[in-house]
Amino acid sequence: MTSTAPSSRTGSIPDAAQAQRRILRVLVASQILSGAGLAAGVTVGALLAQDMLGTTSLAGLPSALFTAGSALTAVAVGRVSQARGRRPGLAAGYLTGAIGSVGVITAAVLDNPVLLFLALFVYGAGTATNLQARYAGADLADPAHRARAVSTVLVATTLGGVAGPNLAAPAGHLADGLGIPSLAGPFLLSGAAYALAALVLATRLRPDPLLVARSLAATEPSATTADPTASAQAGRGGVVLGALIMVLTQLVMVAIMTMTPVHMRDHGHGTAASGLVIAVHIGAMYLPSPLTGWLVDRFGRLKVAAASGLTLLAAGIVAADAPGDSVAVLALALALLGLGWNFGLVSGTAIITDTVPLATRAKTQGMVDVSIAIAGATGGISSGIVVAATSYPVLALTGGVLALAVLPAVAATAYRR
């Protein structure tokens, strides 16, 4: 029996492409749902905290909490995926996010800030899982098309991500009808969306992409002949660079995004206007993904990573200079912010997936996403403090300048090559 197992696996290699297509379809479906859940919470989280606490200085705390919660989830999802495959890891992460949404609604009904913050921490599981799903799209992808596979998963989030903020107002009306504070309404949507995403993955993500990739890799002769020392050194360098790119872009993106709805409300804009701007932002985060993936595969990871830093600088300048009463200019700034983040995420993900071996891939990816989540938490909690102490334009400009730190890291890597 043992002599036929390798042959059986080898014979299934042509089916890897078919399995990849099915896996991408399932991931797309789950990402559409999870995108709605993610975007709905982002739209009103800061506003809900501001109403409960009566201060702007802590309005960035919700974003910090659910990104901190996503750090813990990233570790858990990575370890579960490493041990049992992507399907149980991703499904459990989304289900946890749904539980967090229920907790936020309960906190709003009880007007309990402590419960709100605990629930937002749990809600962050959905954010982490939404990001971890991109790795599942790359497990069986051809290396030459790896960035495009990642992009396919990311772009699926666009549909839900654009719809979610624009459903904030209707969800608020529904909440009012149910006796729930209107700002908690979007969490009704996020809870249902995350639960459905978990159901789709638990029942449909078969075969498991990571487990199949391991089986196929075991049949490759090159897997046993590669220089392990050289591979380890290249892997460490790739992880550091990819993580740095994604950490910087996440920090800047979260900081500016978090305070934009608060900034808009301070200038007389309602939930519908801020929802529109956030929808444009979410769309720019994910909609360009197919083009970004093509650019990364065609021109290289480093060039697109450098473009992310320059684009985020442009976003910060536009946001800082935007008139407070101009929804259009703020939407442009947030679109550039989302695009710069997209460049950084796709290029950084491709760099890490290229260099980390399958034997430790899911666990390493989970740890990288912990760094990303911590960066997001830092950006979220510091954004409110900076705006309270200075102003929104100062926050935006500072974030744009900080993003330029990507450039020397990319230049150093290119020089070593």
# chains A, B, ... in the order shown; residues from 1 in each chain; ligands from 1
call {"tool": "residues_around", "arguments": {"residues": "Ala29 in chain A", "least_positions_apart": "3", "cutoff": "9 Å", "atoms": "only C-alpha atoms", "output": "ChimeraX atom specification"}}
result
/A:24-26,32-34,156-157,197,200-201
call {"tool": "closest_atom_pairs", "arguments": {"of": "range 57-163 of chain A", "to": "range 188-194 of chain A", "cutoff": "6 Å", "atoms": "only C-alpha atoms", "output": "Markdown table"}}
result
| residue | atom | partner | partner_atom | distance |
| --- | --- | --- | --- | --- |
| A:Tyr94 | CA | A:Tyr194 | CA | 5.2 |
| A:Ala98 | CA | A:Gly191 | CA | 4.2 |
| A:Ser101 | CA | A:Gly191 | CA | 5.0 |
call {"tool": "closest_residue", "arguments": {"among": "A:Gly268, A:Pro113, A:Gly293, A:Gly100", "to": "Leu61 in chain A", "atoms": "only C-alpha atoms"}}
result
A:Pro113
call {"tool": "atom_distance", "arguments": {"atom1": "CA of Ile352 in chain A", "atom2": "CA of Ala213 in chain A"}}
result
16.2 Å
call {"tool": "closest_residue", "arguments": {"among": "A:Gly103, A:Pro393, A:Gly366, A:Pro88", "to": "Asp321 in chain A", "atoms": "only C-alpha atoms"}}
result
A:Pro393
call {"tool": "closest_residue", "arguments": {"among": "A:Leu140, A:Val75, A:Val406, A:Ala68", "to": "Leu310 in chain A", "atoms": "only C-alpha atoms"}}
result
A:Val406
call {"tool": "atom_distance", "arguments": {"atom1": "CA of Leu38 in chain A", "atom2": "CA of Arg204 in chain A"}}
result
21.4 Å
call {"tool": "closest_residue", "arguments": {"among": "A:Leu65, A:Ala92, A:Ala359, A:Leu313", "to": "Leu211 in chain A", "atoms": "only C-alpha atoms"}}
result
A:Ala359
call {"tool": "closest_residue", "arguments": {"among": "A:Ala320, A:Ala362, A:Leu120, A:Ala198", "to": "Ala136 in chain A", "atoms": "only C-alpha atoms"}}
result
A:Ala362
call {"tool": "closest_residue", "arguments": {"among": "A:His267, A:His173, A:His145, A:Arg21", "to": "Ala350 in chain A", "atoms": "only C-alpha atoms"}}
result
A:His145
call {"tool": "residues_around", "arguments": {"residues": "Thr349 in chain A", "least_positions_apart": "2", "cutoff": "9 Å", "atoms": "only C-alpha atoms", "output": "number ranges by chain"}}
result
A: 134-135, 147, 150, 242-243, 246, 344-347, 351-354, 365
call {"tool": "write_last_selection", "arguments": {"atoms": "C-alpha atoms", "output": "short mmCIF file (atom, residue, chain, number, x, y, z; two decimals), in the first residue's frame"}}
result
data_model
loop_
_atom_site.label_atom_id
_atom_site.label_comp_id
_atom_site.auth_asym_id
_atom_site.auth_seq_id
_atom_site.Cartn_x
_atom_site.Cartn_y
_atom_site.Cartn_z
CA ARG A 134 -5.72 35.31 0.98
CA TYR A 135 -3.03 32.79 1.86
CA ALA A 147 0.07 37.20 -6.73
CA VAL A 150 -4.01 36.25 -3.86
CA GLY A 242 7.21 41.18 3.44
CA ALA A 243 6.16 41.78 7.04
CA MET A 246 2.52 45.09 5.26
CA GLY A 344 1.57 46.73 -0.01
CA LEU A 345 -0.60 43.76 0.94
CA VAL A 346 -0.40 41.93 -2.39
CA SER A 347 3.35 42.47 -2.86
CA ILE A 351 7.12 37.84 -0.99
CA ILE A 352 6.31 35.80 2.11
CA THR A 353 4.54 32.98 0.25
CA ASP A 354 7.49 32.74 -2.15
CA GLN A 365 1.82 33.50 7.95
#
call {"tool": "residues_around", "arguments": {"residues": "Pro408 in chain A", "least_positions_apart": "4", "cutoff": "12 Å", "atoms": "only C-alpha atoms", "output": "ChimeraX atom specification"}}
result
/A:241,244-245,302,305-306,309,402-404,412-415
call {"tool": "write_last_selection", "arguments": {"atoms": "N, CA, C and O atoms", "output": "PDB file, in the first residue's frame"}}
result
ATOM      1  N   LEU A 241      11.131  41.326   5.119  1.00  0.00           N
ATOM      2  CA  LEU A 241      10.758  42.361   4.158  1.00  0.00           C
ATOM      3  C   LEU A 241       9.253  42.394   3.932  1.00  0.00           C
ATOM      4  O   LEU A 241       8.627  43.461   3.977  1.00  0.00           O
ATOM      5  N   LEU A 244       7.495  43.814   6.973  1.00  0.00           N
ATOM      6  CA  LEU A 244       7.712  45.249   7.120  1.00  0.00           C
ATOM      7  C   LEU A 244       6.822  46.047   6.178  1.00  0.00           C
ATOM      8  O   LEU A 244       6.215  47.051   6.574  1.00  0.00           O
ATOM      9  N   ILE A 245       6.724  45.611   4.944  1.00  0.00           N
ATOM     10  CA  ILE A 245       5.883  46.293   3.968  1.00  0.00           C
ATOM     11  C   ILE A 245       4.434  46.325   4.444  1.00  0.00           C
ATOM     12  O   ILE A 245       3.772  47.373   4.452  1.00  0.00           O
ATOM     13  N   LEU A 302       9.136  43.989  -5.573  1.00  0.00           N
ATOM     14  CA  LEU A 302       9.751  45.168  -4.979  1.00  0.00           C
ATOM     15  C   LEU A 302       9.245  46.474  -5.587  1.00  0.00           C
ATOM     16  O   LEU A 302       9.050  47.467  -4.877  1.00  0.00           O
ATOM     17  N   ALA A 305       5.854  47.197  -4.194  1.00  0.00           N
ATOM     18  CA  ALA A 305       5.985  47.584  -2.788  1.00  0.00           C
ATOM     19  C   ALA A 305       6.406  49.047  -2.662  1.00  0.00           C
ATOM     20  O   ALA A 305       5.889  49.801  -1.825  1.00  0.00           O
ATOM     21  N   ALA A 306       7.352  49.467  -3.504  1.00  0.00           N
ATOM     22  CA  ALA A 306       7.771  50.872  -3.492  1.00  0.00           C
ATOM     23  C   ALA A 306       6.618  51.785  -3.882  1.00  0.00           C
ATOM     24  O   ALA A 306       6.435  52.871  -3.302  1.00  0.00           O
ATOM     25  N   GLY A 309       4.324  52.795  -0.903  1.00  0.00           N
ATOM     26  CA  GLY A 309       4.747  53.897  -0.064  1.00  0.00           C
ATOM     27  C   GLY A 309       4.447  55.249  -0.684  1.00  0.00           C
ATOM     28  O   GLY A 309       3.964  56.173  -0.018  1.00  0.00           O
ATOM     29  N   LEU A 402       5.280  58.714   7.037  1.00  0.00           N
ATOM     30  CA  LEU A 402       5.733  57.463   7.641  1.00  0.00           C
ATOM     31  C   LEU A 402       5.776  56.321   6.627  1.00  0.00           C
ATOM     32  O   LEU A 402       6.660  55.461   6.673  1.00  0.00           O
ATOM     33  N   ALA A 403       4.823  56.328   5.692  1.00  0.00           N
ATOM     34  CA  ALA A 403       4.763  55.257   4.688  1.00  0.00           C
ATOM     35  C   ALA A 403       6.012  55.213   3.816  1.00  0.00           C
ATOM     36  O   ALA A 403       6.336  54.169   3.232  1.00  0.00           O
ATOM     37  N   LEU A 404       6.724  56.320   3.718  1.00  0.00           N
ATOM     38  CA  LEU A 404       7.928  56.353   2.890  1.00  0.00           C
ATOM     39  C   LEU A 404       9.043  55.467   3.431  1.00  0.00           C
ATOM     40  O   LEU A 404      10.024  55.209   2.732  1.00  0.00           O
ATOM     41  N   ALA A 412      17.271  48.462  -0.123  1.00  0.00           N
ATOM     42  CA  ALA A 412      18.318  47.613   0.447  1.00  0.00           C
ATOM     43  C   ALA A 412      18.210  46.185  -0.066  1.00  0.00           C
ATOM     44  O   ALA A 412      19.218  45.547  -0.373  1.00  0.00           O
ATOM     45  N   THR A 413      16.993  45.679  -0.180  1.00  0.00           N
ATOM     46  CA  THR A 413      16.795  44.326  -0.688  1.00  0.00           C
ATOM     47  C   THR A 413      17.203  44.239  -2.156  1.00  0.00           C
ATOM     48  O   THR A 413      17.864  43.276  -2.579  1.00  0.00           O
ATOM     49  N   ALA A 414      16.835  45.233  -2.932  1.00  0.00           N
ATOM     50  CA  ALA A 414      17.207  45.235  -4.359  1.00  0.00           C
ATOM     51  C   ALA A 414      18.711  45.307  -4.522  1.00  0.00           C
ATOM     52  O   ALA A 414      19.281  44.662  -5.418  1.00  0.00           O
ATOM     53  N   TYR A 415      19.384  46.050  -3.642  1.00  0.00           N
ATOM     54  CA  TYR A 415      20.848  46.171  -3.725  1.00  0.00           C
ATOM     55  C   TYR A 415      21.529  44.834  -3.416  1.00  0.00           C
ATOM     56  O   TYR A 415      22.486  44.433  -4.092  1.00  0.00           O
TER      57      TYR A 415
END
call {"tool": "residues_around", "arguments": {"residues": "His281 in chain A", "least_positions_apart": "6", "cutoff": "9 Å", "atoms": "only C-alpha atoms", "output": "MDAnalysis selection string"}}
result
chainID A and resid 162 257 331:339
call {"tool": "residues_around", "arguments": {"residues": "Thr106 in chain A", "least_positions_apart": "4", "cutoff": "12 Å", "atoms": "only C-alpha atoms", "output": "list in words"}}
result
Ile99, Gly100, Ser101, Val102, Leu110, Asp111, Asn112, Pro113, Val114, Leu115, Leu116, Phe117, Leu118, Ala119, Leu120, Ala175, Gly179, Ile180, Pro181, Ala184, Gly185, Phe187 and Leu188 of chain A
